[in-house]
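Source file: run.csv. Holds: CSV, C-alpha atoms.
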chain,number,residue,atom,x,y,z
A,278,MET,CA,-113.0,-15.5,-24.2
A,279,ILE,CA,-110.9,-17.7,-26.5
A,280,THR,CA,-107.9,-16.3,-28.3
A,281,LEU,CA,-106.3,-18.1,-31.2
A,282,THR,CA,-102.9,-17.0,-32.4
A,283,ILE,CA,-101.6,-18.2,-35.8
A,284,PRO,CA,-97.8,-17.9,-36.3
A,285,GLU,CA,-96.8,-16.1,-39.4
A,286,HIS,CA,-94.3,-18.8,-40.3
A,287,VAL,CA,-94.4,-22.5,-39.5
A,288,SER,CA,-91.1,-24.3,-39.9
A,289,PRO,CA,-91.5,-27.7,-41.8
A,290,LYS,CA,-91.1,-30.8,-39.8
A,291,LYS,CA,-87.5,-32.0,-39.8
A,292,ARG,CA,-87.0,-35.1,-42.0
A,293,LEU,CA,-84.3,-37.7,-41.7
A,294,ASN,CA,-82.1,-37.9,-44.8
A,295,PHE,CA,-81.0,-41.6,-44.7
A,296,LYS,CA,-81.0,-43.8,-47.8
A,297,LEU,CA,-82.3,-47.4,-47.3
A,298,ASN,CA,-82.0,-50.5,-49.5
A,299,VAL,CA,-85.5,-51.6,-50.3
A,300,LEU,CA,-85.7,-55.3,-51.1
A,301,PHE,CA,-89.4,-55.6,-51.8
A,302,GLU,CA,-92.3,-53.2,-51.9
A,303,ASP,CA,-96.0,-53.1,-52.8
A,304,ASP,CA,-99.1,-51.1,-51.6
A,305,TYR,CA,-99.3,-53.3,-48.4
A,306,LEU,CA,-95.8,-53.7,-47.1
A,307,ALA,CA,-92.1,-53.4,-47.7
A,308,VAL,CA,-89.0,-55.3,-46.8
A,309,ILE,CA,-85.8,-53.3,-46.3
A,310,HIS,CA,-82.2,-54.0,-45.4
A,311,LYS,CA,-81.3,-52.6,-42.0
A,312,PRO,CA,-77.7,-51.3,-41.9
A,313,PRO,CA,-75.7,-51.6,-38.6
A,314,GLY,CA,-75.5,-48.8,-36.1
A,315,ILE,CA,-79.0,-47.4,-36.3
A,316,LEU,CA,-82.1,-48.1,-34.1
A,317,VAL,CA,-85.2,-49.5,-35.6
A,318,SER,CA,-87.4,-47.1,-33.6
A,319,GLY,CA,-87.5,-45.2,-30.3
A,320,ASN,CA,-87.1,-41.7,-28.9
A,321,HIS,CA,-84.3,-40.8,-31.2
A,322,PHE,CA,-84.3,-38.7,-34.5
A,323,LYS,CA,-82.1,-41.1,-36.4
A,324,THR,CA,-84.1,-44.3,-36.6
A,325,ILE,CA,-85.3,-46.7,-39.4
A,326,ALA,CA,-88.9,-45.7,-38.6
A,327,ASN,CA,-88.2,-42.0,-39.3
A,328,ALA,CA,-86.3,-42.8,-42.5
A,329,LEU,CA,-89.1,-45.0,-44.0
A,330,VAL,CA,-91.3,-42.2,-45.4
A,331,GLN,CA,-88.7,-40.8,-47.8
A,332,ASN,CA,-87.5,-44.3,-48.9
A,333,LEU,CA,-91.0,-45.9,-49.6
A,334,LYS,CA,-93.8,-45.0,-51.9
A,335,ARG,CA,-97.0,-44.0,-50.1
A,336,SER,CA,-99.7,-46.7,-50.4
A,337,THR,CA,-102.7,-45.9,-52.6
A,338,LEU,CA,-105.1,-47.9,-50.4
A,339,SER,CA,-107.8,-46.4,-48.3
A,340,ASP,CA,-106.3,-47.4,-45.0
A,341,ALA,CA,-102.8,-46.2,-45.9
A,342,THR,CA,-100.8,-45.0,-42.9
A,343,LYS,CA,-97.2,-44.0,-42.1
A,344,PRO,CA,-95.1,-47.0,-42.7
A,345,GLN,CA,-93.8,-48.7,-39.6
A,346,PRO,CA,-91.6,-51.7,-38.7
A,347,VAL,CA,-93.6,-54.7,-37.4
A,348,HIS,CA,-90.6,-56.2,-35.5
A,349,ARG,CA,-87.2,-55.2,-34.1
A,350,LEU,CA,-83.6,-55.7,-34.8
A,351,ASP,CA,-80.8,-54.7,-32.4
A,352,PHE,CA,-78.8,-51.5,-33.0
A,353,ALA,CA,-75.8,-53.5,-34.3
A,354,THR,CA,-77.7,-56.2,-36.2
A,355,THR,CA,-78.0,-56.0,-40.0
A,356,GLY,CA,-80.4,-57.5,-42.4
A,357,ILE,CA,-84.1,-58.0,-43.2
A,358,LEU,CA,-86.7,-55.8,-41.6
A,359,LEU,CA,-90.5,-56.1,-42.4
A,360,VAL,CA,-92.5,-53.0,-42.6
A,361,GLY,CA,-96.3,-52.4,-42.8
A,362,LYS,CA,-97.8,-49.6,-45.0
A,363,THR,CA,-101.5,-50.0,-44.2
A,364,ASN,CA,-103.4,-50.4,-40.9
A,365,ASP,CA,-104.8,-53.8,-42.0
A,366,SER,CA,-101.4,-55.0,-43.1
A,367,ILE,CA,-99.7,-53.9,-39.8
A,368,ARG,CA,-102.4,-55.8,-37.8
A,369,ASN,CA,-102.1,-58.9,-40.0
A,370,LEU,CA,-98.3,-59.0,-39.8
A,371,ASN,CA,-98.3,-58.4,-36.0
A,372,LYS,CA,-100.7,-61.3,-35.7
A,373,GLN,CA,-98.4,-63.6,-37.8
A,374,PHE,CA,-95.5,-62.8,-35.5
A,375,GLU,CA,-97.7,-63.4,-32.4
A,376,ASN,CA,-98.8,-66.8,-33.7
A,377,LYS,CA,-95.2,-67.6,-34.7
A,378,ASP,CA,-96.2,-68.0,-38.4
A,379,ILE,CA,-93.2,-66.0,-39.6
A,380,GLU,CA,-90.0,-67.9,-40.2
A,381,LYS,CA,-86.8,-65.9,-39.5
A,382,THR,CA,-83.3,-67.1,-40.1
A,383,TYR,CA,-80.2,-65.3,-38.9
A,384,ILE,CA,-76.5,-65.8,-39.6
A,385,ALA,CA,-73.9,-65.1,-36.9
A,386,VAL,CA,-70.1,-65.5,-36.5
A,387,THR,CA,-69.4,-67.2,-33.2
A,388,ILE,CA,-66.2,-67.9,-31.2
A,389,GLY,CA,-64.9,-71.3,-30.1
A,390,ASN,CA,-65.6,-75.0,-30.5
A,391,MET,CA,-69.2,-75.9,-31.3
A,392,THR,CA,-71.1,-79.1,-32.0
A,393,ASN,CA,-72.6,-79.2,-35.5
A,394,GLU,CA,-76.2,-78.4,-34.5
A,395,GLY,CA,-78.5,-78.3,-31.6
A,396,ILE,CA,-81.3,-76.5,-29.7
A,397,MET,CA,-80.6,-73.9,-27.1
A,398,SER,CA,-83.1,-73.5,-24.3
A,399,SER,CA,-83.3,-71.2,-21.2
A,400,ASP,CA,-85.5,-68.8,-19.4
A,401,ILE,CA,-85.1,-65.1,-20.5
A,402,ASP,CA,-86.9,-62.5,-18.4
A,403,ASN,CA,-88.6,-65.5,-16.6
A,404,LYS,CA,-90.1,-66.8,-19.9
A,405,PRO,CA,-89.1,-70.0,-21.7
A,406,SER,CA,-87.1,-69.5,-24.9
A,407,GLN,CA,-85.6,-71.7,-27.6
A,408,SER,CA,-83.3,-71.3,-30.6
A,409,LYS,CA,-82.0,-73.8,-33.2
A,410,TYR,CA,-78.5,-73.5,-34.5
A,411,LYS,CA,-76.5,-75.2,-37.2
A,412,VAL,CA,-72.8,-74.7,-37.9
A,413,VAL,CA,-72.3,-74.0,-41.6
A,414,LYS,CA,-68.5,-73.4,-41.7
A,415,THR,CA,-65.6,-73.2,-39.3
A,416,VAL,CA,-62.2,-71.5,-39.8
A,417,LEU,CA,-59.1,-71.3,-37.6
A,418,SER,CA,-58.2,-68.0,-36.0
A,419,LYS,CA,-55.0,-66.8,-34.3
A,420,ARG,CA,-56.8,-64.6,-31.9
A,421,PHE,CA,-60.1,-66.6,-31.3
A,422,SER,CA,-58.9,-70.2,-31.9
A,423,LYS,CA,-62.0,-70.9,-34.1
A,424,LEU,CA,-64.6,-68.8,-35.7
A,425,ASN,CA,-67.9,-70.4,-36.8
A,426,LEU,CA,-70.5,-69.3,-39.4
A,427,VAL,CA,-73.7,-70.4,-37.7
A,428,GLN,CA,-77.3,-70.5,-39.0
A,429,LEU,CA,-79.8,-69.6,-36.3
A,430,GLU,CA,-83.6,-69.9,-36.1
A,431,PRO,CA,-85.3,-68.4,-33.0
A,432,LEU,CA,-88.3,-70.5,-32.0
A,433,THR,CA,-89.5,-67.8,-29.5
A,434,GLY,CA,-89.1,-64.0,-29.6
A,435,ARG,CA,-87.4,-62.8,-26.5
A,436,ARG,CA,-85.2,-59.7,-26.4
A,437,HIS,CA,-81.5,-60.5,-27.3
A,438,GLN,CA,-82.5,-64.1,-27.4
A,439,LEU,CA,-79.9,-65.4,-29.9
A,440,ARG,CA,-77.1,-63.4,-28.3
A,441,ILE,CA,-78.0,-64.7,-24.8
A,442,HIS,CA,-78.3,-68.3,-25.9
A,443,LEU,CA,-75.0,-68.4,-27.7
A,444,SER,CA,-73.3,-66.7,-24.8
A,445,GLU,CA,-74.8,-69.3,-22.4
A,446,LEU,CA,-73.5,-72.0,-24.8
A,447,GLY,CA,-70.0,-70.7,-24.5
A,448,ASN,CA,-69.9,-69.4,-28.0
A,449,PRO,CA,-70.6,-65.7,-28.0
A,450,ILE,CA,-71.2,-63.7,-31.2
A,451,LEU,CA,-68.1,-62.0,-32.5
A,452,GLY,CA,-68.3,-58.3,-31.6
A,453,ASP,CA,-71.0,-58.7,-28.9
A,454,LYS,CA,-69.9,-56.2,-26.2
A,455,ASP,CA,-72.9,-57.0,-24.0
A,456,TYR,CA,-72.7,-60.8,-23.9
A,457,GLY,CA,-69.2,-61.6,-25.0
A,458,GLU,CA,-66.3,-62.6,-22.8
A,459,GLU,CA,-64.0,-59.7,-21.9
A,460,PRO,CA,-60.7,-61.0,-23.4
A,461,LEU,CA,-62.4,-62.0,-26.7
A,462,ILE,CA,-64.5,-58.8,-27.3
A,463,LEU,CA,-63.8,-57.3,-30.7
A,464,ASN,CA,-63.8,-53.5,-30.5
A,465,GLY,CA,-64.7,-51.2,-33.3
A,466,LYS,CA,-65.9,-53.8,-35.9
A,467,GLY,CA,-69.6,-54.1,-34.9
A,468,MET,CA,-71.4,-57.3,-34.1
A,469,TYR,CA,-71.5,-60.2,-36.5
A,470,LEU,CA,-75.2,-61.0,-36.4
A,471,HIS,CA,-77.3,-60.7,-39.6
A,472,ALA,CA,-81.0,-61.2,-40.2
A,473,TYR,CA,-80.6,-63.4,-43.4
A,474,SER,CA,-84.1,-64.5,-44.5
A,475,LEU,CA,-87.7,-64.0,-43.8
A,476,LYS,CA,-90.7,-66.2,-44.8
A,477,PHE,CA,-94.2,-64.9,-44.3
A,478,ARG,CA,-97.7,-64.8,-45.7
A,479,HIS,CA,-98.8,-61.8,-47.7
A,480,PRO,CA,-101.6,-60.1,-45.8
A,481,PHE,CA,-103.8,-59.5,-48.9
A,482,SER,CA,-103.0,-62.3,-51.4
A,483,ASN,CA,-102.1,-65.0,-48.8
A,484,GLU,CA,-99.1,-65.8,-51.0
A,485,ASN,CA,-96.0,-67.2,-49.2
A,486,ILE,CA,-93.2,-64.7,-49.6
A,487,PHE,CA,-89.5,-65.7,-49.0
A,488,ILE,CA,-86.9,-62.9,-49.1
A,489,LYS,CA,-83.2,-63.1,-48.2
A,490,SER,CA,-80.5,-60.5,-47.7
A,491,GLU,CA,-77.0,-61.3,-48.9
A,492,PHE,CA,-74.2,-61.8,-46.5
A,493,PRO,CA,-72.4,-58.6,-45.5
A,494,GLU,CA,-68.9,-58.3,-47.0
A,495,ARG,CA,-67.2,-58.6,-43.6
A,496,PHE,CA,-68.6,-62.1,-43.3
A,497,ASN,CA,-67.1,-63.0,-46.6
A,498,LYS,CA,-63.7,-61.7,-45.5
A,499,ILE,CA,-63.6,-64.3,-42.7
A,500,PHE,CA,-65.0,-67.3,-44.6
A,501,GLY,CA,-64.4,-66.5,-48.2
A,502,ASN,CA,-67.3,-66.2,-50.6
A,503,ILE,CA,-70.2,-67.9,-48.8
Turn this file's structure into structure tokens for me.
Amino acid sequence: MITLTIPEHVSPKKRLNFKLNVLFEDDYLAVIHKPPGILVSGNHFKTIANALVQNLKRSTLSDATKPQPVHRLDFATTGILLVGKTNDSIRNLNKQFENKDIEKTYIAVTIGNMTNEGIMSSDIDNKPSQSKYKVVKTVLSKRFSKLNLVQLEPLTGRRHQLRIHLSELGNPILGDKDYGEEPLILNGKGMYLHAYSLKFRHPFSNENIFIKSEFPERFNKIFGNI
């Protein structure tokens, strides 16, 4: 004997009320600005993934699905995050990341003397990794001696790659509590790493799309209007 019990009242699923800045959106994908201090996804209620439904329009296409991020940014990192809105788009964008067809540029504030540009290479989790860097501007600092505005391009996609490479170079990111040097760790101000621009191929039109997210105000406070 099978017995089915239907509850008299079903409480609606809890929704995260969190406003996001949408930089681009169509039926296939969206690009949003990720603020600091929030996870992209994971086993937490407050994540970017859980906030997407209320911030994006539902796709009208036949393979529409719940929008989901197709890459990650660290908890403290700000900037551009790419989101798929259909099954085909998510697969296509994941493939572009896998084939290294998507160009990502980050901006960071680093501590100490740096050469103007270079390539950082090391093994991370027993896998080779590479990142390019270029110093855009340097200012003197009483506490840190020098602070640098650095443009970064990850050539591989290892976890915490840019943070690890800069720490190994002797120029940790300002506010990085995991890879910074103890006397120079900046408490309470967050980490100065920003996903600045993204270039990718649209999964339907094949058009090259380039989107950038303006520098956070706290970067401008250090270097003036950038």
Query raised in the report: Rounded to one decimal in Å, what is the spacing between CA of Ile503 (chain A) and CA of Lys414 (chain A)?
Result: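 Computed distance, CA of Ile503 (chain A) to CA of Lys414 (chain A), equals 9.1 Å.
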Requested in this report: Please provide as a ChimeraX atom specification all residues within 8 Å of region 372-389 of chain A, with the sequence filter that same-chain residues fewer than 2 positions apart are discarded (counting only C-alpha atoms).
Outcome: /A:368-370,391,421-433,443,447-451,469-478,496
Query raised in the report: Out of A:His437, A:Phe322, A:Arg420, A:Gly356, which residue has the shortest atom-to-atom distance to Pro460 (chain A) when counting all atoms listed in the file?
Result: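 Residue with the minimum atom-to-atom distance to Pro460 (chain A): A:Arg420.
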Query raised in the report: So how many Å separate CA of Ser399 (chain A) and CA of Ile441 (chain A), to one decimal?
Result: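 Distance between the two atoms: 9.1 Å.
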Report task. Kindly give the distance, in Å, that separates CA of Leu439 (chain A) and CA of Tyr456 (chain A), rounded to a single decimal. Result ->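 So the two atoms, CA of Leu439 (chain A) and CA of Tyr456 (chain A), lie 10.4 Å apart.
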**Report entry** All residues 9 Å or closer to Arg349 (chain A), all atoms listed in the file, same chain fewer than 6 positions away omitted, as a list in words
**Finding:**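 In the requested form, the answer reads Leu316, Val317, Ser318, Leu358 and Leu359 of chain A.
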**Report entry** Top pick for closest residue to Ile357 (chain A), considering A:Ser490, A:Asn327, A:Asn294, A:Asn332 and counting only C-alpha atoms
**Finding:**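 Smallest separation from Ile357 (chain A) among the options: A:Ser490.
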Query raised in the report: Counting only C-alpha atoms, which of A:Asp340, A:Glu394, A:Asp303, A:Asp453 gets nearest to Thr354 (chain A)?
Result: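 Smallest distance to Thr354 (chain A) is found for A:Asp453.
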**Report entry** Nearest to Leu306 (chain A), chosen from A:His479, A:Asn320, A:Met468, A:Thr355, with only C-alpha atoms counted in the distances
**Finding:**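 Among the listed residues, A:His479 lies closest to Leu306 (chain A).
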Query - Residue contacts of Tyr305 (chain A) (7 Å, all atoms listed in the file) excluding same-chain residues fewer than 3 positions away, as JSON, numbers by chain - result: {"A": [336, 361, 362, 363, 366]}
Pull the neighbourhood of (-61.6, -60.7, -42.1) for me: all residues within 12 Å in file coordinates, counting all atoms listed in the file, as a short mmCIF file (atom, residue, chain, number, x, y, z; two decimals) with C-alpha atoms, keeping the file's coordinate frame.
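Saved result, out_22.cif, follows:
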data_model
loop_
_atom_site.label_atom_id
_atom_site.label_comp_id
_atom_site.auth_asym_id
_atom_site.auth_seq_id
_atom_site.Cartn_x
_atom_site.Cartn_y
_atom_site.Cartn_z
CA VAL A 386 -70.10 -65.50 -36.50
CA VAL A 416 -62.20 -71.50 -39.80
CA LEU A 417 -59.10 -71.30 -37.60
CA SER A 418 -58.20 -68.00 -36.00
CA LYS A 419 -55.00 -66.80 -34.30
CA ARG A 420 -56.80 -64.60 -31.90
CA LEU A 424 -64.60 -68.80 -35.70
CA LEU A 451 -68.10 -62.00 -32.50
CA LYS A 466 -65.90 -53.80 -35.90
CA TYR A 469 -71.50 -60.20 -36.50
CA PRO A 493 -72.40 -58.60 -45.50
CA GLU A 494 -68.90 -58.30 -47.00
CA ARG A 495 -67.20 -58.60 -43.60
CA PHE A 496 -68.60 -62.10 -43.30
CA ASN A 497 -67.10 -63.00 -46.60
CA LYS A 498 -63.70 -61.70 -45.50
CA ILE A 499 -63.60 -64.30 -42.70
CA PHE A 500 -65.00 -67.30 -44.60
CA GLY A 501 -64.40 -66.50 -48.20
CA ASN A 502 -67.30 -66.20 -50.60
#
Query raised in the report: Of the candidates A:Gln438, A:Asn298, A:Thr392, A:Ser398, which shows the shortest atom-to-atom distance to Val412 (chain A), using all atoms listed in the file?
Result: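 Nearest candidate to Val412 (chain A) out of A:Gln438, A:Asn298, A:Thr392, A:Ser398: A:Thr392.
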